[in-house]
Structure formats: C-alpha cells, structure tokens
Amino acid sequence: MLNTQVRPVRDLRNKYAEIETFLENHNPVIITKNGRGAAVLINIDDYAEIEEYLHIKYVNEKLKEAELEAGKPGAKWIDSKKVIKKLRDKYCGL
C-alpha cells in the first residue's frame with residue numbers, strides 16, 4: 001500500500017533529501033502551495049510504468065476502433081503487402 005506524504009513546496013528546497021528517500025521507496029509526495037495541492041512527485045520508475053500503461057491502453061483502444069470499423073458492412077480491405085509498402089515509403093523512405 002502506498003504511503004503518501006503531503007509536503008509544502010518549501011520542502012523541495014529545504015528537505016529534498018527526505019523527499020528523495022521517500023520517492024526511492026515508491027511513495028508519492030503531494031506538494032502544496034499556500035495549503036492547496038499543487039503537484040505530485042513520483043519515483044521515475046513508477047512514472048515509466050504509468051507511461052507504458054497509458055501507451056498500451058491507447059493502442060488497445062485504437063485496435064478496438066479498427067476492429068469495429070473493419071466489421072462494418074462495406075468496409076474496404078487493402079492487401080497487407082500494399083499497406084506495408086505504403087508505410088515503408090512514407091516512414092522509411094525505402
């Protein structure tokens with residue numbers, strides 16, 4: 001379970017070592033300014049996992065959209081070799 005800490009923004013300057021230790025243990029830190037939430041700090045590895053999850057979620061959503069589109073009556077299909085050639089021409093300059 002995550003152990004979240006709430007710290008004022010001045011602690012970034014004055015007590016960064018404490019915050020860094022907390023982040024190393026994969027615990028988020030909420031930074032406040034004038035008593036209100038301003039930012040959340042997380043471990044860089046945790047951030048990378050979140051980014052990867054969001055990318056996979058995005059790709060899955062797009063694949064689902066493509067499957068729905070392909071299942072519609074009158075959907076046009078293109079030969080896979082033509083698609084690959086078109087992509088190579090566009091992105092690889094081959």
# chains A, B, ... in the order shown; residues from 1 in each chain; ligands from 1

call {"tool": "residues_around", "arguments": {"residues": "stretch 11-17 of chain A", "least_positions_apart": "6", "cutoff": "12 Å", "atoms": "only C-alpha atoms", "output": "list in words"}}
result
Gln5, Leu23, Glu24, Val29, Ile30, Ile31, Thr32, Lys33, Ala39, Val40 and Leu41 of chain A

call {"tool": "residues_around", "arguments": {"residues": "A:Lys76", "least_positions_apart": "6", "cutoff": "12 Å", "atoms": "only C-alpha atoms", "output": "PyMOL selection string"}}
result
chain A and resi 66+69-70

call {"tool": "select_by_dssp", "arguments": {"residues": "chain A", "states": "helix (DSSP H, G or I)", "output": "JSON, numbers by chain"}}
result
{"A": [10, 11, 12, 13, 14, 16, 17, 18, 19, 20, 21, 22, 23, 24, 44, 45, 46, 47, 48, 49, 50, 51, 52, 53, 54, 55, 56, 57, 58, 59, 60, 61, 62, 63, 64, 65, 66, 67, 68, 69, 70, 80, 81, 82, 83, 84, 85, 86, 87, 88, 89, 90, 91]}

call {"tool": "closest_residue", "arguments": {"among": "A:Lys62, A:Lys90, A:Arg7, A:Lys57", "to": "A:Pro28", "atoms": "only C-alpha atoms"}}
result
A:Arg7

call {"tool": "atom_distance", "arguments": {"atom1": "atom CA of A:Glu67", "atom2": "atom CA of A:Lys86"}}
result
20.6 Å

call {"tool": "atom_distance", "arguments": {"atom1": "atom CA of A:Arg36", "atom2": "atom CA of A:Arg10"}}
result
13.2 Å

call {"tool": "atom_distance", "arguments": {"atom1": "atom CA of A:Asn25", "atom2": "atom CA of A:Gly37"}}
result
21.5 Å

call {"tool": "decode", "arguments": {"residues": "stretch 12-24 of chain A", "atoms": "all heavy atoms", "output": "PDB file, in the first residue's frame"}}
result
ATOM      1  N   LEU A  12      10.847  21.201  -0.917  1.00  0.00           N
ATOM      2  CA  LEU A  12      11.637  20.810  -2.081  1.00  0.00           C
ATOM      3  C   LEU A  12      13.040  21.411  -1.991  1.00  0.00           C
ATOM      4  O   LEU A  12      14.022  20.792  -2.379  1.00  0.00           O
ATOM      5  CB  LEU A  12      10.969  21.252  -3.379  1.00  0.00           C
ATOM      6  CG  LEU A  12       9.745  20.465  -3.802  1.00  0.00           C
ATOM      7  CD1 LEU A  12       9.093  21.121  -5.010  1.00  0.00           C
ATOM      8  CD2 LEU A  12      10.111  19.024  -4.113  1.00  0.00           C
ATOM      9  N   ARG A  13      13.133  22.602  -1.468  1.00  0.00           N
ATOM     10  CA  ARG A  13      14.417  23.281  -1.326  1.00  0.00           C
ATOM     11  C   ARG A  13      15.112  22.884  -0.025  1.00  0.00           C
ATOM     12  O   ARG A  13      16.289  22.578  -0.004  1.00  0.00           O
ATOM     13  CB  ARG A  13      14.206  24.801  -1.357  1.00  0.00           C
ATOM     14  CG  ARG A  13      15.473  25.599  -1.293  1.00  0.00           C
ATOM     15  CD  ARG A  13      15.267  27.109  -1.426  1.00  0.00           C
ATOM     16  NE  ARG A  13      13.900  27.514  -1.680  1.00  0.00           N
ATOM     17  CZ  ARG A  13      13.105  28.105  -0.774  1.00  0.00           C
ATOM     18  NH1 ARG A  13      13.541  28.370   0.429  1.00  0.00           N
ATOM     19  NH2 ARG A  13      11.879  28.466  -1.081  1.00  0.00           N
ATOM     20  N   ASN A  14      14.347  22.883   1.055  1.00  0.00           N
ATOM     21  CA  ASN A  14      14.945  22.719   2.377  1.00  0.00           C
ATOM     22  C   ASN A  14      15.127  21.271   2.826  1.00  0.00           C
ATOM     23  O   ASN A  14      16.000  20.997   3.646  1.00  0.00           O
ATOM     24  CB  ASN A  14      14.111  23.460   3.423  1.00  0.00           C
ATOM     25  CG  ASN A  14      14.011  24.942   3.129  1.00  0.00           C
ATOM     26  OD1 ASN A  14      14.909  25.522   2.527  1.00  0.00           O
ATOM     27  ND2 ASN A  14      12.917  25.552   3.530  1.00  0.00           N
ATOM     28  N   LYS A  15      14.298  20.366   2.340  1.00  0.00           N
ATOM     29  CA  LYS A  15      14.336  18.981   2.813  1.00  0.00           C
ATOM     30  C   LYS A  15      14.260  17.982   1.665  1.00  0.00           C
ATOM     31  O   LYS A  15      13.620  16.942   1.769  1.00  0.00           O
ATOM     32  CB  LYS A  15      13.185  18.741   3.795  1.00  0.00           C
ATOM     33  CG  LYS A  15      13.251  19.622   5.033  1.00  0.00           C
ATOM     34  CD  LYS A  15      12.108  19.337   5.964  1.00  0.00           C
ATOM     35  CE  LYS A  15      12.187  20.246   7.170  1.00  0.00           C
ATOM     36  NZ  LYS A  15      11.087  20.003   8.102  1.00  0.00           N
ATOM     37  N   TYR A  16      14.950  18.298   0.581  1.00  0.00           N
ATOM     38  CA  TYR A  16      14.855  17.442  -0.594  1.00  0.00           C
ATOM     39  C   TYR A  16      15.344  16.027  -0.314  1.00  0.00           C
ATOM     40  O   TYR A  16      14.774  15.059  -0.821  1.00  0.00           O
ATOM     41  CB  TYR A  16      15.605  18.030  -1.794  1.00  0.00           C
ATOM     42  CG  TYR A  16      15.476  17.130  -2.996  1.00  0.00           C
ATOM     43  CD1 TYR A  16      14.284  17.084  -3.708  1.00  0.00           C
ATOM     44  CD2 TYR A  16      16.510  16.280  -3.369  1.00  0.00           C
ATOM     45  CE1 TYR A  16      14.131  16.219  -4.781  1.00  0.00           C
ATOM     46  CE2 TYR A  16      16.359  15.412  -4.439  1.00  0.00           C
ATOM     47  CZ  TYR A  16      15.165  15.391  -5.141  1.00  0.00           C
ATOM     48  OH  TYR A  16      15.021  14.533  -6.188  1.00  0.00           O
ATOM     49  N   ALA A  17      16.372  15.874   0.483  1.00  0.00           N
ATOM     50  CA  ALA A  17      16.919  14.538   0.772  1.00  0.00           C
ATOM     51  C   ALA A  17      15.845  13.637   1.394  1.00  0.00           C
ATOM     52  O   ALA A  17      15.757  12.451   1.063  1.00  0.00           O
ATOM     53  CB  ALA A  17      18.128  14.646   1.689  1.00  0.00           C
ATOM     54  N   GLU A  18      15.033  14.193   2.280  1.00  0.00           N
ATOM     55  CA  GLU A  18      13.946  13.417   2.887  1.00  0.00           C
ATOM     56  C   GLU A  18      12.920  12.996   1.828  1.00  0.00           C
ATOM     57  O   GLU A  18      12.472  11.855   1.804  1.00  0.00           O
ATOM     58  CB  GLU A  18      13.228  14.231   3.967  1.00  0.00           C
ATOM     59  CG  GLU A  18      14.024  14.455   5.218  1.00  0.00           C
ATOM     60  CD  GLU A  18      13.271  15.349   6.194  1.00  0.00           C
ATOM     61  OE1 GLU A  18      12.011  15.414   6.134  1.00  0.00           O
ATOM     62  OE2 GLU A  18      13.937  15.981   7.023  1.00  0.00           O
ATOM     63  N   ILE A  19      12.583  13.936   0.979  1.00  0.00           N
ATOM     64  CA  ILE A  19      11.611  13.650  -0.084  1.00  0.00           C
ATOM     65  C   ILE A  19      12.182  12.605  -1.035  1.00  0.00           C
ATOM     66  O   ILE A  19      11.483  11.667  -1.433  1.00  0.00           O
ATOM     67  CB  ILE A  19      11.234  14.946  -0.832  1.00  0.00           C
ATOM     68  CG1 ILE A  19      10.437  15.868   0.104  1.00  0.00           C
ATOM     69  CG2 ILE A  19      10.445  14.647  -2.095  1.00  0.00           C
ATOM     70  CD1 ILE A  19      10.157  17.242  -0.451  1.00  0.00           C
ATOM     71  N   GLU A  20      13.446  12.729  -1.378  1.00  0.00           N
ATOM     72  CA  GLU A  20      14.075  11.779  -2.287  1.00  0.00           C
ATOM     73  C   GLU A  20      14.051  10.360  -1.720  1.00  0.00           C
ATOM     74  O   GLU A  20      13.753   9.397  -2.431  1.00  0.00           O
ATOM     75  CB  GLU A  20      15.516  12.209  -2.569  1.00  0.00           C
ATOM     76  CG  GLU A  20      16.210  11.350  -3.595  1.00  0.00           C
ATOM     77  CD  GLU A  20      17.611  11.845  -3.884  1.00  0.00           C
ATOM     78  OE1 GLU A  20      18.269  12.403  -2.982  1.00  0.00           O
ATOM     79  OE2 GLU A  20      18.049  11.655  -5.025  1.00  0.00           O
ATOM     80  N   THR A  21      14.325  10.222  -0.441  1.00  0.00           N
ATOM     81  CA  THR A  21      14.279   8.910   0.208  1.00  0.00           C
ATOM     82  C   THR A  21      12.871   8.333   0.136  1.00  0.00           C
ATOM     83  O   THR A  21      12.681   7.141  -0.125  1.00  0.00           O
ATOM     84  CB  THR A  21      14.731   9.019   1.676  1.00  0.00           C
ATOM     85  OG1 THR A  21      16.059   9.518   1.699  1.00  0.00           O
ATOM     86  CG2 THR A  21      14.682   7.681   2.373  1.00  0.00           C
ATOM     87  N   PHE A  22      11.905   9.173   0.361  1.00  0.00           N
ATOM     88  CA  PHE A  22      10.505   8.739   0.295  1.00  0.00           C
ATOM     89  C   PHE A  22      10.165   8.245  -1.109  1.00  0.00           C
ATOM     90  O   PHE A  22       9.549   7.198  -1.279  1.00  0.00           O
ATOM     91  CB  PHE A  22       9.612   9.910   0.702  1.00  0.00           C
ATOM     92  CG  PHE A  22       8.308   9.506   1.288  1.00  0.00           C
ATOM     93  CD1 PHE A  22       8.233   8.888   2.513  1.00  0.00           C
ATOM     94  CD2 PHE A  22       7.133   9.730   0.600  1.00  0.00           C
ATOM     95  CE1 PHE A  22       7.023   8.506   3.062  1.00  0.00           C
ATOM     96  CE2 PHE A  22       5.914   9.360   1.124  1.00  0.00           C
ATOM     97  CZ  PHE A  22       5.861   8.746   2.367  1.00  0.00           C
ATOM     98  N   LEU A  23      10.601   8.981  -2.124  1.00  0.00           N
ATOM     99  CA  LEU A  23      10.339   8.610  -3.519  1.00  0.00           C
ATOM    100  C   LEU A  23      11.058   7.312  -3.896  1.00  0.00           C
ATOM    101  O   LEU A  23      10.519   6.503  -4.662  1.00  0.00           O
ATOM    102  CB  LEU A  23      10.756   9.728  -4.465  1.00  0.00           C
ATOM    103  CG  LEU A  23       9.953  11.017  -4.361  1.00  0.00           C
ATOM    104  CD1 LEU A  23      10.601  12.111  -5.199  1.00  0.00           C
ATOM    105  CD2 LEU A  23       8.512  10.807  -4.752  1.00  0.00           C
ATOM    106  N   GLU A  24      12.263   7.120  -3.368  1.00  0.00           N
ATOM    107  CA  GLU A  24      13.002   5.892  -3.654  1.00  0.00           C
ATOM    108  C   GLU A  24      12.247   4.652  -3.193  1.00  0.00           C
ATOM    109  O   GLU A  24      12.423   3.573  -3.741  1.00  0.00           O
ATOM    110  CB  GLU A  24      14.382   5.939  -2.994  1.00  0.00           C
ATOM    111  CG  GLU A  24      15.349   6.864  -3.690  1.00  0.00           C
ATOM    112  CD  GLU A  24      16.639   7.065  -2.926  1.00  0.00           C
ATOM    113  OE1 GLU A  24      16.783   6.549  -1.794  1.00  0.00           O
ATOM    114  OE2 GLU A  24      17.518   7.761  -3.462  1.00  0.00           O
TER     115      GLU A  24
END
